[in-house]
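Student: Next up is a structure, given as structure tokens.
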Amino acid sequence: MHFIPEELDDYVVAHSESEPELLQQLTRETFQKILQPRMSSGPYQGRVLSMISKLIHPNSILEIGTFTGYSTLCLAEGLKPDGTIDTIDINEELFDFQRQFFDKSQYGSQIFQHLGNALEVIPKLKKTFDLVFIDADKDNYINYFNLIIDSLNTGGIILSDNVLWSGKVIEPLDPKDKMTKAVLDYNALLKTDERVETIVLPIRDGLTISRKR
């Protein structure tokens, strides 16, 4: 979804960092082989994720929602040399597809895949994080936040995707639309929870940056 005129959006993309070749290949194969390929972060948002990760230079990253691993590889670009990224997804059919591209990258040994329900996997990790990316089932965003906030280091960052939900956040709410209600509730939580300071970036489907105080 474009929140600025498409011509201006094209200009922004054209004058931002280019998508690496491996990620171009991943995008092609995602569209050729995977259902709902548009769930992937895409080249522009991928460069945004990469830049944020490089600015933070984290030692440990948690990603909730791997899909085909595009955002995983983008976030991994900012890792410290001995840093790690734990990425969780419930779809076992994507596991080998993800691994194929992880191992083609220079970050393969730093990326640890976890298969299963993130609400069950996260407590088993027993570690703290500098950066968390939430991009999974929207009705659990609040649950994810509550589960990881104490494991986020002071000054750590939570990135939350799809927080504008195709613009539905400003439309009259359909009482049957549980996903939009979940996104609205999550956005309200980030605004009011005193443990974090938050800013919403109106890029693509909305990306929130929350910093733990």
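Ligands are numbered from 1 in the order shown, residues from 1 within each chain, and chains are lettered A, B, ... in the order they appear in the structure tokens.
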Enumerate, as a list in words, the complete set of residues in range 28-154 of chain A that a backbone-based DSSP assignment places in strand (DSSP E).
Tutor: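 In range 28-154 of chain A, DSSP puts these residues in strand (DSSP E): Ser60, Ile61, Leu62, Glu63, Ile64, Thr84, Ile85, Asp86, Thr87, Ile88, Asp89, Ile111, Phe112, Gln113, His114, Leu115, Phe129, Asp130, Leu131, Val132, Phe133, Ile134, Leu152, Asn153 and Thr154 of chain A.
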Student: Please dump the current selection as a PDB file, in the first residue's frame; keep N, CA and C atoms.
Tutor:
```
ATOM      1  N   SER A  60      22.102  -9.633  19.756  1.00  0.00           N
ATOM      2  CA  SER A  60      21.079 -10.674  19.701  1.00  0.00           C
ATOM      3  C   SER A  60      19.775 -10.110  19.148  1.00  0.00           C
ATOM      4  N   ILE A  61      19.206 -10.831  18.190  1.00  0.00           N
ATOM      5  CA  ILE A  61      17.951 -10.433  17.543  1.00  0.00           C
ATOM      6  C   ILE A  61      16.948 -11.568  17.687  1.00  0.00           C
ATOM      7  N   LEU A  62      15.698 -11.198  17.918  1.00  0.00           N
ATOM      8  CA  LEU A  62      14.591 -12.155  17.888  1.00  0.00           C
ATOM      9  C   LEU A  62      13.631 -11.722  16.801  1.00  0.00           C
ATOM     10  N   GLU A  63      13.284 -12.655  15.928  1.00  0.00           N
ATOM     11  CA  GLU A  63      12.300 -12.384  14.878  1.00  0.00           C
ATOM     12  C   GLU A  63      11.115 -13.321  15.075  1.00  0.00           C
ATOM     13  N   ILE A  64       9.938 -12.739  15.177  1.00  0.00           N
ATOM     14  CA  ILE A  64       8.714 -13.526  15.331  1.00  0.00           C
ATOM     15  C   ILE A  64       7.965 -13.486  14.007  1.00  0.00           C
ATOM     16  N   THR A  84      23.836 -13.222  17.090  1.00  0.00           N
ATOM     17  CA  THR A  84      22.936 -14.265  16.614  1.00  0.00           C
ATOM     18  C   THR A  84      21.535 -13.715  16.412  1.00  0.00           C
ATOM     19  N   ILE A  85      20.794 -14.394  15.551  1.00  0.00           N
ATOM     20  CA  ILE A  85      19.384 -14.073  15.356  1.00  0.00           C
ATOM     21  C   ILE A  85      18.581 -15.358  15.489  1.00  0.00           C
ATOM     22  N   ASP A  86      17.597 -15.332  16.372  1.00  0.00           N
ATOM     23  CA  ASP A  86      16.665 -16.445  16.543  1.00  0.00           C
ATOM     24  C   ASP A  86      15.380 -16.074  15.825  1.00  0.00           C
ATOM     25  N   THR A  87      14.973 -16.899  14.874  1.00  0.00           N
ATOM     26  CA  THR A  87      13.782 -16.587  14.100  1.00  0.00           C
ATOM     27  C   THR A  87      12.779 -17.728  14.218  1.00  0.00           C
ATOM     28  N   ILE A  88      11.520 -17.370  14.449  1.00  0.00           N
ATOM     29  CA  ILE A  88      10.478 -18.348  14.764  1.00  0.00           C
ATOM     30  C   ILE A  88       9.381 -18.316  13.708  1.00  0.00           C
ATOM     31  N   ASP A  89       8.980 -19.501  13.247  1.00  0.00           N
ATOM     32  CA  ASP A  89       7.851 -19.590  12.332  1.00  0.00           C
ATOM     33  C   ASP A  89       7.119 -20.906  12.581  1.00  0.00           C
ATOM     34  N   ILE A 111      22.288 -17.637  12.219  1.00  0.00           N
ATOM     35  CA  ILE A 111      20.832 -17.668  12.171  1.00  0.00           C
ATOM     36  C   ILE A 111      20.321 -19.007  12.699  1.00  0.00           C
ATOM     37  N   PHE A 112      19.468 -18.936  13.711  1.00  0.00           N
ATOM     38  CA  PHE A 112      18.924 -20.137  14.331  1.00  0.00           C
ATOM     39  C   PHE A 112      17.410 -20.166  14.127  1.00  0.00           C
ATOM     40  N   GLN A 113      16.941 -21.188  13.430  1.00  0.00           N
ATOM     41  CA  GLN A 113      15.520 -21.340  13.145  1.00  0.00           C
ATOM     42  C   GLN A 113      14.823 -22.103  14.266  1.00  0.00           C
ATOM     43  N   HIS A 114      13.606 -21.670  14.562  1.00  0.00           N
ATOM     44  CA  HIS A 114      12.788 -22.344  15.560  1.00  0.00           C
ATOM     45  C   HIS A 114      11.413 -22.571  14.958  1.00  0.00           C
ATOM     46  N   LEU A 115      10.977 -23.819  14.954  1.00  0.00           N
ATOM     47  CA  LEU A 115       9.695 -24.183  14.368  1.00  0.00           C
ATOM     48  C   LEU A 115       8.665 -24.406  15.463  1.00  0.00           C
ATOM     49  N   PHE A 129      17.514  -9.816  24.423  1.00  0.00           N
ATOM     50  CA  PHE A 129      17.642  -9.356  23.039  1.00  0.00           C
ATOM     51  C   PHE A 129      17.856  -7.844  22.972  1.00  0.00           C
ATOM     52  N   ASP A 130      18.562  -7.441  21.931  1.00  0.00           N
ATOM     53  CA  ASP A 130      18.773  -6.027  21.646  1.00  0.00           C
ATOM     54  C   ASP A 130      17.771  -5.507  20.628  1.00  0.00           C
ATOM     55  N   LEU A 131      17.247  -6.421  19.810  1.00  0.00           N
ATOM     56  CA  LEU A 131      16.331  -6.051  18.731  1.00  0.00           C
ATOM     57  C   LEU A 131      15.321  -7.181  18.541  1.00  0.00           C
ATOM     58  N   VAL A 132      14.050  -6.810  18.481  1.00  0.00           N
ATOM     59  CA  VAL A 132      12.976  -7.775  18.239  1.00  0.00           C
ATOM     60  C   VAL A 132      12.133  -7.279  17.069  1.00  0.00           C
ATOM     61  N   PHE A 133      11.855  -8.170  16.122  1.00  0.00           N
ATOM     62  CA  PHE A 133      10.989  -7.835  14.990  1.00  0.00           C
ATOM     63  C   PHE A 133       9.747  -8.711  15.075  1.00  0.00           C
ATOM     64  N   ILE A 134       8.585  -8.064  15.198  1.00  0.00           N
ATOM     65  CA  ILE A 134       7.316  -8.780  15.291  1.00  0.00           C
ATOM     66  C   ILE A 134       6.573  -8.640  13.966  1.00  0.00           C
ATOM     67  N   LEU A 152      13.867  -7.882  26.734  1.00  0.00           N
ATOM     68  CA  LEU A 152      14.485  -6.855  25.901  1.00  0.00           C
ATOM     69  C   LEU A 152      15.425  -6.014  26.759  1.00  0.00           C
ATOM     70  N   ASN A 153      16.656  -5.898  26.332  1.00  0.00           N
ATOM     71  CA  ASN A 153      17.627  -5.113  27.082  1.00  0.00           C
ATOM     72  C   ASN A 153      17.221  -3.637  27.109  1.00  0.00           C
ATOM     73  N   THR A 154      17.602  -2.921  28.143  1.00  0.00           N
ATOM     74  CA  THR A 154      17.335  -1.484  28.221  1.00  0.00           C
ATOM     75  C   THR A 154      17.945  -0.794  27.003  1.00  0.00           C
TER      76      THR A 154
END
```
Student: When you look at range 195-211 of chain A with a cut-off of 7 Å (counting only C-alpha atoms), what residues show up, excluding the ones that are within fewer than 3 positions of it in the same chain? I need them as a list in words.
Tutor: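 So the residues in contact are Met1, His2, Phe3, Gly155, Gly156, Ile157, Ile158, Leu159, Ser160, Asp161, Asn162, Val163, Leu164, Trp165, Ser166, Leu190 and Lys191 of chain A.
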Student: Per residue of range 30-67 of chain A within 9 Å of range 13-17 of chain A, note the shortest atom pair and the distance in Å to one decimal, counting only C-alpha atoms, and order the rows by chain and increasing residue number, as a tab-separated table.
Tutor:
```
residue	atom	partner	partner_atom	distance
A:Pro43	CA	A:Val13	CA	8.6
A:Tyr44	CA	A:Val13	CA	6.2
A:Arg47	CA	A:Glu17	CA	6.6
```
Student: How would the residues just chosen look if you wrote them out with C-alpha atoms as a CSV table (one decimal), in the first residue's frame?
Tutor:
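Result file is part.csv:
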```csv
chain,number,residue,atom,x,y,z
A,43,PRO,CA,13.2,-4.6,-1.1
A,44,TYR,CA,12.5,-1.1,0.3
A,47,ARG,CA,16.7,-1.9,3.3
```
Student: Which residues are close to range 19-31 of chain A, i.e. within 8 Å by only C-alpha atoms, leaving aside same-chain residues fewer than 6 positions away? Reply as an MDAnalysis selection string.
Tutor: chainID A and resid 37:38 40 42:44 46:47 68 70 101 104:105
Student: Could you write out the selected residues, including N, CA and C atoms, as an mmCIF file, in the first residue's frame?
Tutor:
```cif
data_model
loop_
_atom_site.group_PDB
_atom_site.id
_atom_site.type_symbol
_atom_site.label_atom_id
_atom_site.label_comp_id
_atom_site.auth_asym_id
_atom_site.auth_seq_id
_atom_site.Cartn_x
_atom_site.Cartn_y
_atom_site.Cartn_z
ATOM 1 N N PRO A 37 3.109 -14.579 -1.686
ATOM 2 C CA PRO A 37 4.470 -14.029 -1.691
ATOM 3 C C PRO A 37 4.568 -12.588 -1.216
ATOM 4 N N ARG A 38 3.474 -11.853 -1.275
ATOM 5 C CA ARG A 38 3.505 -10.448 -0.854
ATOM 6 C C ARG A 38 3.634 -10.291 0.658
ATOM 7 N N SER A 40 6.199 -11.189 2.103
ATOM 8 C CA SER A 40 7.614 -10.863 2.261
ATOM 9 C C SER A 40 7.788 -9.362 2.448
ATOM 10 N N GLY A 42 9.881 -7.226 1.232
ATOM 11 C CA GLY A 42 10.104 -6.459 0.021
ATOM 12 C C GLY A 42 11.369 -5.628 0.088
ATOM 13 N N PRO A 43 11.881 -5.203 -1.074
ATOM 14 C CA PRO A 43 13.204 -4.559 -1.127
ATOM 15 C C PRO A 43 13.330 -3.256 -0.344
ATOM 16 N N TYR A 44 12.336 -2.366 -0.414
ATOM 17 C CA TYR A 44 12.483 -1.084 0.282
ATOM 18 C C TYR A 44 12.416 -1.269 1.793
ATOM 19 N N GLY A 46 12.946 -3.916 3.348
ATOM 20 C CA GLY A 46 14.110 -4.701 3.711
ATOM 21 C C GLY A 46 15.340 -3.836 3.959
ATOM 22 N N ARG A 47 15.514 -2.810 3.128
ATOM 23 C CA ARG A 47 16.658 -1.901 3.330
ATOM 24 C C ARG A 47 16.453 -1.052 4.596
ATOM 25 N N THR A 68 9.695 -16.469 4.398
ATOM 26 C CA THR A 68 10.742 -17.104 3.590
ATOM 27 C C THR A 68 12.155 -16.667 4.005
ATOM 28 N N TYR A 70 13.341 -13.420 4.202
ATOM 29 C CA TYR A 70 13.833 -12.166 3.626
ATOM 30 C C TYR A 70 14.213 -11.167 4.715
ATOM 31 N N PHE A 101 18.530 -20.344 1.734
ATOM 32 C CA PHE A 101 19.016 -18.984 1.521
ATOM 33 C C PHE A 101 19.870 -18.492 2.681
ATOM 34 N N LYS A 104 23.284 -19.671 1.994
ATOM 35 C CA LYS A 104 23.929 -18.996 0.861
ATOM 36 C C LYS A 104 24.512 -17.649 1.291
ATOM 37 N N SER A 105 24.043 -17.141 2.412
ATOM 38 C CA SER A 105 24.510 -15.842 2.892
ATOM 39 C C SER A 105 25.719 -16.016 3.793
#
```
Student: Based on the backbone DSSP call, show me all residues of chain A assigned alpha helix (DSSP H), as a ChimeraX atom specification.
Tutor: /A:6-14,21-33,43-56,70-76,95-104,118-125,141-148,178-192
Student: Can you list, as a short mmCIF file (atom, residue, chain, number, x, y, z; two decimals) with C-alpha atoms, in the first residue's frame, every protein, DNA or RNA residue that comes within 7 Å of range 179-186 of chain A when you count only C-alpha atoms, leaving out same-chain residues fewer than 6 positions away?
Tutor:
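Listed below is the output, selection-v6.cif:
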```
data_model
loop_
_atom_site.label_atom_id
_atom_site.label_comp_id
_atom_site.auth_asym_id
_atom_site.auth_seq_id
_atom_site.Cartn_x
_atom_site.Cartn_y
_atom_site.Cartn_z
CA LYS A 138 -1.73 -9.83 14.46
CA ASP A 139 -4.13 -11.12 17.11
CA TYR A 141 0.90 -8.95 18.88
CA ILE A 142 0.00 -7.89 22.42
CA VAL A 163 0.61 -1.46 12.15
CA TRP A 165 -3.15 -2.55 8.36
CA LYS A 168 -8.08 0.07 8.12
CA VAL A 169 -6.89 1.62 11.40
#
```
Student: Give me, please, the distance in Å between CA of Asp82 in chain A and CA of Asp96 in chain A, quoted to one decimal.
Tutor: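 CA of Asp96 in chain A lies 23.9 Å from CA of Asp82 in chain A.
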Student: Just how far from CA of Leu55 in chain A is CA of Leu119 in chain A, in Å to one decimal?
Tutor: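 Answer for the CA of Leu119 in chain A to CA of Leu55 in chain A separation: 28.2 Å.
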Student: Hey, can you check how far CA of Asp193 in chain A sits from CA of Val48 in chain A?
Tutor: 24.9 Å
